[in-house]
Amino acid sequence: IITGVYRKPSHSGVLTHYESYVPFRYKLNMLNTLMDRGYKICNKWHTMTDEFTTLTKMLCRNGYTRDFVENRIRKFLDEKFSKSSVQHEECALEGQAQRVEPRVVFCKLPYLEGTSLKVQKTIRGFLRKYDPNGTRLKLVFVDKVTYVEDFFSFKDKGPSVMRNNVVYHLKCDCGAQYIGETERNLVDRMEEHARTSGSGLSAVGEHLKANPDHTVDFQSPDILGASPYRSKLLIKEALYIQQYQPSLNEQVFSKKLFIFNV
């Protein structure tokens, strides 16, 4: 029986590109994993040679140089077939049986090119100096800065009146309140509320028409909630109306809330 690595006809050959924005050791680990898989699956030398040739072509198409890949393959095979490496592994296993394993601590950090590796070197140097046998630190770098964005904003926030699909809260200086919802840009709805002449006035417009000396801040209304779904938006509006009891609302119906589908 001859065994080898099988790939589907739909296999694209897309791997982590050499120039992708991830730590370099992730690329090395990927290459080591692919080589180890071929080494363990292929039981004949010619099938292993074919597999490593396929890996070389595949990695070259993903930006890796042929010299780099061939050097890694040569080093991998030397370690597998060298007697000295086998003896070294046996000695290492004996040493591990005699000594107490250090405590392993995993730490996740965002990957920032150039900075992350310096941080890793600094932390490991500190631990080797002050805690040489007590803690073994494993740093895991994530390839996106989503965790940094949780603390720092990299984009300017747009004005709240340009948002849509929101539940808003308006307050008059006399104390009257109004809660509504809109799927359009909030600024368009505010312009409708600010109208005090013509037909089809809103409840806020009717209030300002009857009380010309009252003012409502249409430039910065309070946004109570948001949802891209119309049904959820109406439910939120009804709940906020129940909570605030605004005097300008004349809601004659409520959105039915179905807990169970029968």
# chains A, B, ... in the order shown; residues from 1 in each chain; ligands from 1
call {"tool": "residues_around", "arguments": {"residues": "segment 210-213 of chain A", "least_positions_apart": "4", "cutoff": "9 Å", "atoms": "only C-alpha atoms", "output": "ChimeraX atom specification"}}
result
/A:196,205-206
call {"tool": "write_last_selection", "arguments": {"atoms": "all heavy atoms", "output": "JSON list (two decimals), in the first residue's frame"}}
result
[["chain", "number", "residue", "atom", "x", "y", "z"],
["A", 196, "THR", "N", -44.20, 74.38, 11.24],
["A", 196, "THR", "CA", -45.34, 74.85, 12.03],
["A", 196, "THR", "C", -46.44, 75.46, 11.16],
["A", 196, "THR", "O", -47.35, 76.09, 11.68],
["A", 196, "THR", "CB", -44.87, 75.91, 13.05],
["A", 196, "THR", "OG1", -44.23, 76.99, 12.35],
["A", 196, "THR", "CG2", -43.91, 75.32, 14.07],
["A", 205, "GLY", "N", -44.93, 69.69, 15.78],
["A", 205, "GLY", "CA", -45.23, 70.89, 15.01],
["A", 205, "GLY", "C", -46.50, 71.57, 15.49],
["A", 205, "GLY", "O", -46.57, 72.82, 15.57],
["A", 206, "GLU", "N", -47.52, 70.79, 15.81],
["A", 206, "GLU", "CA", -48.77, 71.36, 16.33],
["A", 206, "GLU", "C", -48.54, 72.05, 17.66],
["A", 206, "GLU", "O", -49.10, 73.12, 17.94],
["A", 206, "GLU", "CB", -49.82, 70.25, 16.49],
["A", 206, "GLU", "CG", -50.31, 69.63, 15.20],
["A", 206, "GLU", "CD", -51.28, 70.53, 14.46],
["A", 206, "GLU", "OE1", -51.58, 71.64, 14.97],
["A", 206, "GLU", "OE2", -51.74, 70.14, 13.37]]
call {"tool": "residues_around", "arguments": {"residues": "segment 25-37 of chain A", "least_positions_apart": "6", "cutoff": "12 Å", "atoms": "only C-alpha atoms", "output": "PDB file with N, CA, C and O atoms, in the first residue's frame"}}
result
ATOM      1  N   THR A   3       0.798   5.344   0.329  1.00  0.00           N
ATOM      2  CA  THR A   3      -0.051   6.448   0.804  1.00  0.00           C
ATOM      3  C   THR A   3       0.585   7.779   0.439  1.00  0.00           C
ATOM      4  O   THR A   3       1.811   7.904   0.358  1.00  0.00           O
ATOM      5  N   GLY A   4      -0.277   8.780   0.222  1.00  0.00           N
ATOM      6  CA  GLY A   4       0.171  10.130  -0.095  1.00  0.00           C
ATOM      7  C   GLY A   4      -0.911  11.129   0.254  1.00  0.00           C
ATOM      8  O   GLY A   4      -2.032  10.758   0.623  1.00  0.00           O
ATOM      9  N   VAL A   5      -0.613  12.380   0.132  1.00  0.00           N
ATOM     10  CA  VAL A   5      -1.555  13.453   0.457  1.00  0.00           C
ATOM     11  C   VAL A   5      -2.501  13.659  -0.726  1.00  0.00           C
ATOM     12  O   VAL A   5      -2.053  13.826  -1.867  1.00  0.00           O
ATOM     13  N   TYR A   6      -3.803  13.628  -0.449  1.00  0.00           N
ATOM     14  CA  TYR A   6      -4.818  13.837  -1.491  1.00  0.00           C
ATOM     15  C   TYR A   6      -5.409  15.235  -1.347  1.00  0.00           C
ATOM     16  O   TYR A   6      -5.699  15.688  -0.249  1.00  0.00           O
ATOM     17  N   LEU A  15      -2.856  29.951   0.436  1.00  0.00           N
ATOM     18  CA  LEU A  15      -2.317  29.855   1.790  1.00  0.00           C
ATOM     19  C   LEU A  15      -2.045  31.260   2.322  1.00  0.00           C
ATOM     20  O   LEU A  15      -2.275  32.255   1.616  1.00  0.00           O
ATOM     21  N   THR A  16      -1.590  31.348   3.542  1.00  0.00           N
ATOM     22  CA  THR A  16      -1.204  32.645   4.090  1.00  0.00           C
ATOM     23  C   THR A  16      -0.080  33.237   3.255  1.00  0.00           C
ATOM     24  O   THR A  16       0.998  32.653   3.144  1.00  0.00           O
ATOM     25  N   HIS A  17      -0.325  34.372   2.649  1.00  0.00           N
ATOM     26  CA  HIS A  17       0.656  34.970   1.748  1.00  0.00           C
ATOM     27  C   HIS A  17       1.880  35.449   2.526  1.00  0.00           C
ATOM     28  O   HIS A  17       1.793  35.826   3.694  1.00  0.00           O
ATOM     29  N   TYR A  18       3.017  35.416   1.849  1.00  0.00           N
ATOM     30  CA  TYR A  18       4.267  35.802   2.512  1.00  0.00           C
ATOM     31  C   TYR A  18       4.233  37.248   2.991  1.00  0.00           C
ATOM     32  O   TYR A  18       4.835  37.594   4.005  1.00  0.00           O
ATOM     33  N   GLU A  19       3.520  38.116   2.272  1.00  0.00           N
ATOM     34  CA  GLU A  19       3.462  39.528   2.624  1.00  0.00           C
ATOM     35  C   GLU A  19       2.223  39.884   3.446  1.00  0.00           C
ATOM     36  O   GLU A  19       1.928  41.060   3.641  1.00  0.00           O
ATOM     37  N   ASN A  43       4.243   7.243   2.826  1.00  0.00           N
ATOM     38  CA  ASN A  43       5.027   6.103   3.345  1.00  0.00           C
ATOM     39  C   ASN A  43       6.106   5.644   2.377  1.00  0.00           C
ATOM     40  O   ASN A  43       6.800   4.664   2.647  1.00  0.00           O
ATOM     41  N   MET A  48       6.685  11.197  -0.912  1.00  0.00           N
ATOM     42  CA  MET A  48       7.077  12.338  -0.094  1.00  0.00           C
ATOM     43  C   MET A  48       7.757  13.403  -0.950  1.00  0.00           C
ATOM     44  O   MET A  48       7.526  14.605  -0.768  1.00  0.00           O
ATOM     45  N   THR A  49       8.574  12.967  -1.917  1.00  0.00           N
ATOM     46  CA  THR A  49       9.222  13.914  -2.817  1.00  0.00           C
ATOM     47  C   THR A  49       8.190  14.676  -3.645  1.00  0.00           C
ATOM     48  O   THR A  49       8.283  15.903  -3.826  1.00  0.00           O
ATOM     49  N   ASP A  50       7.183  13.940  -4.141  1.00  0.00           N
ATOM     50  CA  ASP A  50       6.112  14.597  -4.905  1.00  0.00           C
ATOM     51  C   ASP A  50       5.356  15.599  -4.044  1.00  0.00           C
ATOM     52  O   ASP A  50       4.992  16.690  -4.512  1.00  0.00           O
ATOM     53  N   GLU A  51       5.124  15.251  -2.790  1.00  0.00           N
ATOM     54  CA  GLU A  51       4.381  16.146  -1.898  1.00  0.00           C
ATOM     55  C   GLU A  51       5.181  17.412  -1.622  1.00  0.00           C
ATOM     56  O   GLU A  51       4.637  18.528  -1.666  1.00  0.00           O
ATOM     57  N   PHE A  52       6.457  17.269  -1.334  1.00  0.00           N
ATOM     58  CA  PHE A  52       7.274  18.452  -1.054  1.00  0.00           C
ATOM     59  C   PHE A  52       7.462  19.308  -2.308  1.00  0.00           C
ATOM     60  O   PHE A  52       7.574  20.526  -2.218  1.00  0.00           O
ATOM     61  N   THR A  53       7.484  18.691  -3.492  1.00  0.00           N
ATOM     62  CA  THR A  53       7.544  19.460  -4.738  1.00  0.00           C
ATOM     63  C   THR A  53       6.260  20.257  -4.929  1.00  0.00           C
ATOM     64  O   THR A  53       6.290  21.433  -5.328  1.00  0.00           O
ATOM     65  N   THR A  54       5.118  19.623  -4.631  1.00  0.00           N
ATOM     66  CA  THR A  54       3.831  20.318  -4.722  1.00  0.00           C
ATOM     67  C   THR A  54       3.760  21.470  -3.731  1.00  0.00           C
ATOM     68  O   THR A  54       3.280  22.564  -4.060  1.00  0.00           O
ATOM     69  N   LEU A  55       4.256  21.242  -2.505  1.00  0.00           N
ATOM     70  CA  LEU A  55       4.269  22.307  -1.498  1.00  0.00           C
ATOM     71  C   LEU A  55       5.137  23.472  -1.954  1.00  0.00           C
ATOM     72  O   LEU A  55       4.774  24.637  -1.765  1.00  0.00           O
ATOM     73  N   THR A  56       6.278  23.167  -2.561  1.00  0.00           N
ATOM     74  CA  THR A  56       7.169  24.239  -3.023  1.00  0.00           C
ATOM     75  C   THR A  56       6.492  25.093  -4.075  1.00  0.00           C
ATOM     76  O   THR A  56       6.534  26.336  -4.011  1.00  0.00           O
ATOM     77  N   MET A  58       3.275  25.444  -4.567  1.00  0.00           N
ATOM     78  CA  MET A  58       2.135  26.121  -3.965  1.00  0.00           C
ATOM     79  C   MET A  58       2.568  27.343  -3.164  1.00  0.00           C
ATOM     80  O   MET A  58       1.971  28.422  -3.251  1.00  0.00           O
ATOM     81  N   LEU A  59       3.633  27.186  -2.386  1.00  0.00           N
ATOM     82  CA  LEU A  59       4.129  28.297  -1.569  1.00  0.00           C
ATOM     83  C   LEU A  59       4.733  29.398  -2.438  1.00  0.00           C
ATOM     84  O   LEU A  59       4.603  30.582  -2.115  1.00  0.00           O
ATOM     85  N   CYS A  60       5.373  29.022  -3.531  1.00  0.00           N
ATOM     86  CA  CYS A  60       5.923  30.041  -4.437  1.00  0.00           C
ATOM     87  C   CYS A  60       4.810  30.875  -5.052  1.00  0.00           C
ATOM     88  O   CYS A  60       4.975  32.083  -5.270  1.00  0.00           O
ATOM     89  N   ASN A  62       2.253  31.714  -3.522  1.00  0.00           N
ATOM     90  CA  ASN A  62       1.770  32.567  -2.434  1.00  0.00           C
ATOM     91  C   ASN A  62       2.838  33.533  -1.931  1.00  0.00           C
ATOM     92  O   ASN A  62       2.760  34.002  -0.794  1.00  0.00           O
ATOM     93  N   GLY A  63       3.829  33.818  -2.768  1.00  0.00           N
ATOM     94  CA  GLY A  63       4.793  34.862  -2.448  1.00  0.00           C
ATOM     95  C   GLY A  63       6.072  34.408  -1.776  1.00  0.00           C
ATOM     96  O   GLY A  63       6.957  35.231  -1.518  1.00  0.00           O
ATOM     97  N   TYR A  64       6.216  33.117  -1.448  1.00  0.00           N
ATOM     98  CA  TYR A  64       7.430  32.627  -0.799  1.00  0.00           C
ATOM     99  C   TYR A  64       8.497  32.343  -1.871  1.00  0.00           C
ATOM    100  O   TYR A  64       8.177  31.860  -2.963  1.00  0.00           O
ATOM    101  N   PHE A  68      13.904  29.962   0.087  1.00  0.00           N
ATOM    102  CA  PHE A  68      13.405  29.912   1.468  1.00  0.00           C
ATOM    103  C   PHE A  68      12.686  28.598   1.739  1.00  0.00           C
ATOM    104  O   PHE A  68      12.931  27.935   2.758  1.00  0.00           O
ATOM    105  N   VAL A  69      11.796  28.187   0.825  1.00  0.00           N
ATOM    106  CA  VAL A  69      11.025  26.952   1.031  1.00  0.00           C
ATOM    107  C   VAL A  69      11.938  25.732   1.020  1.00  0.00           C
ATOM    108  O   VAL A  69      11.820  24.843   1.879  1.00  0.00           O
ATOM    109  N   GLU A  70      12.864  25.671   0.065  1.00  0.00           N
ATOM    110  CA  GLU A  70      13.746  24.511  -0.020  1.00  0.00           C
ATOM    111  C   GLU A  70      14.665  24.416   1.196  1.00  0.00           C
ATOM    112  O   GLU A  70      14.967  23.313   1.665  1.00  0.00           O
ATOM    113  N   ASN A  71      15.095  25.557   1.720  1.00  0.00           N
ATOM    114  CA  ASN A  71      15.920  25.533   2.930  1.00  0.00           C
ATOM    115  C   ASN A  71      15.140  25.018   4.126  1.00  0.00           C
ATOM    116  O   ASN A  71      15.670  24.257   4.951  1.00  0.00           O
ATOM    117  N   ARG A  72      13.874  25.422   4.238  1.00  0.00           N
ATOM    118  CA  ARG A  72      13.051  24.937   5.348  1.00  0.00           C
ATOM    119  C   ARG A  72      12.793  23.435   5.218  1.00  0.00           C
ATOM    120  O   ARG A  72      12.797  22.703   6.208  1.00  0.00           O
ATOM    121  N   ILE A  73      12.552  22.969   3.992  1.00  0.00           N
ATOM    122  CA  ILE A  73      12.332  21.533   3.782  1.00  0.00           C
ATOM    123  C   ILE A  73      13.597  20.746   4.114  1.00  0.00           C
ATOM    124  O   ILE A  73      13.551  19.686   4.760  1.00  0.00           O
ATOM    125  N   ARG A  74      14.750  21.266   3.677  1.00  0.00           N
ATOM    126  CA  ARG A  74      16.023  20.583   3.964  1.00  0.00           C
ATOM    127  C   ARG A  74      16.270  20.507   5.471  1.00  0.00           C
ATOM    128  O   ARG A  74      16.677  19.461   6.002  1.00  0.00           O
ATOM    129  N   LYS A  75      16.005  21.590   6.169  1.00  0.00           N
ATOM    130  CA  LYS A  75      16.205  21.595   7.616  1.00  0.00           C
ATOM    131  C   LYS A  75      15.238  20.629   8.296  1.00  0.00           C
ATOM    132  O   LYS A  75      15.606  19.920   9.246  1.00  0.00           O
ATOM    133  N   PHE A  76      14.001  20.587   7.804  1.00  0.00           N
ATOM    134  CA  PHE A  76      12.995  19.693   8.378  1.00  0.00           C
ATOM    135  C   PHE A  76      13.407  18.232   8.222  1.00  0.00           C
ATOM    136  O   PHE A  76      13.341  17.440   9.169  1.00  0.00           O
ATOM    137  N   LEU A  77      13.854  17.864   7.023  1.00  0.00           N
ATOM    138  CA  LEU A  77      14.252  16.476   6.784  1.00  0.00           C
ATOM    139  C   LEU A  77      15.510  16.117   7.559  1.00  0.00           C
ATOM    140  O   LEU A  77      15.651  14.981   8.033  1.00  0.00           O
ATOM    141  N   GLU A  79      16.348  17.213  10.458  1.00  0.00           N
ATOM    142  CA  GLU A  79      15.958  16.970  11.848  1.00  0.00           C
ATOM    143  C   GLU A  79      15.269  15.621  12.002  1.00  0.00           C
ATOM    144  O   GLU A  79      15.406  14.946  13.024  1.00  0.00           O
ATOM    145  N   LYS A  80      14.509  15.215  10.975  1.00  0.00           N
ATOM    146  CA  LYS A  80      13.780  13.951  11.064  1.00  0.00           C
ATOM    147  C   LYS A  80      14.697  12.739  10.909  1.00  0.00           C
ATOM    148  O   LYS A  80      14.484  11.701  11.554  1.00  0.00           O
ATOM    149  N   TYR A 111      -1.701  42.394  16.968  1.00  0.00           N
ATOM    150  CA  TYR A 111      -0.467  42.392  16.192  1.00  0.00           C
ATOM    151  C   TYR A 111      -0.284  43.744  15.514  1.00  0.00           C
ATOM    152  O   TYR A 111      -1.103  44.172  14.703  1.00  0.00           O
ATOM    153  N   LEU A 117       6.625  42.385  18.191  1.00  0.00           N
ATOM    154  CA  LEU A 117       7.802  41.550  18.454  1.00  0.00           C
ATOM    155  C   LEU A 117       8.717  42.176  19.496  1.00  0.00           C
ATOM    156  O   LEU A 117       9.342  41.474  20.290  1.00  0.00           O
ATOM    157  N   LEU A 139       2.710  34.063  24.048  1.00  0.00           N
ATOM    158  CA  LEU A 139       2.040  35.229  23.486  1.00  0.00           C
ATOM    159  C   LEU A 139       1.365  34.842  22.180  1.00  0.00           C
ATOM    160  O   LEU A 139       1.984  34.248  21.297  1.00  0.00           O
ATOM    161  N   VAL A 140       0.088  35.175  22.086  1.00  0.00           N
ATOM    162  CA  VAL A 140      -0.680  34.918  20.869  1.00  0.00           C
ATOM    163  C   VAL A 140      -1.071  36.261  20.273  1.00  0.00           C
ATOM    164  O   VAL A 140      -1.767  37.056  20.912  1.00  0.00           O
ATOM    165  N   PHE A 141      -0.628  36.507  19.058  1.00  0.00           N
ATOM    166  CA  PHE A 141      -0.934  37.773  18.397  1.00  0.00           C
ATOM    167  C   PHE A 141      -2.121  37.584  17.463  1.00  0.00           C
ATOM    168  O   PHE A 141      -2.154  36.645  16.668  1.00  0.00           O
ATOM    169  N   VAL A 142      -3.095  38.449  17.573  1.00  0.00           N
ATOM    170  CA  VAL A 142      -4.232  38.440  16.660  1.00  0.00           C
ATOM    171  C   VAL A 142      -3.905  39.357  15.495  1.00  0.00           C
ATOM    172  O   VAL A 142      -3.222  40.367  15.648  1.00  0.00           O
ATOM    173  N   ASP A 143      -4.404  38.990  14.314  1.00  0.00           N
ATOM    174  CA  ASP A 143      -4.016  39.701  13.105  1.00  0.00           C
ATOM    175  C   ASP A 143      -4.881  40.909  12.807  1.00  0.00           C
ATOM    176  O   ASP A 143      -4.751  41.531  11.772  1.00  0.00           O
TER     177      ASP A 143
END
call {"tool": "select_by_dssp", "arguments": {"residues": "segment 3-55 of chain A", "states": "alpha helix (DSSP H)", "output": "JSON, numbers by chain"}}
result
{"A": [24, 25, 26, 27, 28, 29, 30, 31, 32, 33, 34, 35, 36, 37, 38, 39, 40, 41, 45, 46, 47, 48, 49, 50, 51, 52, 53, 54, 55]}
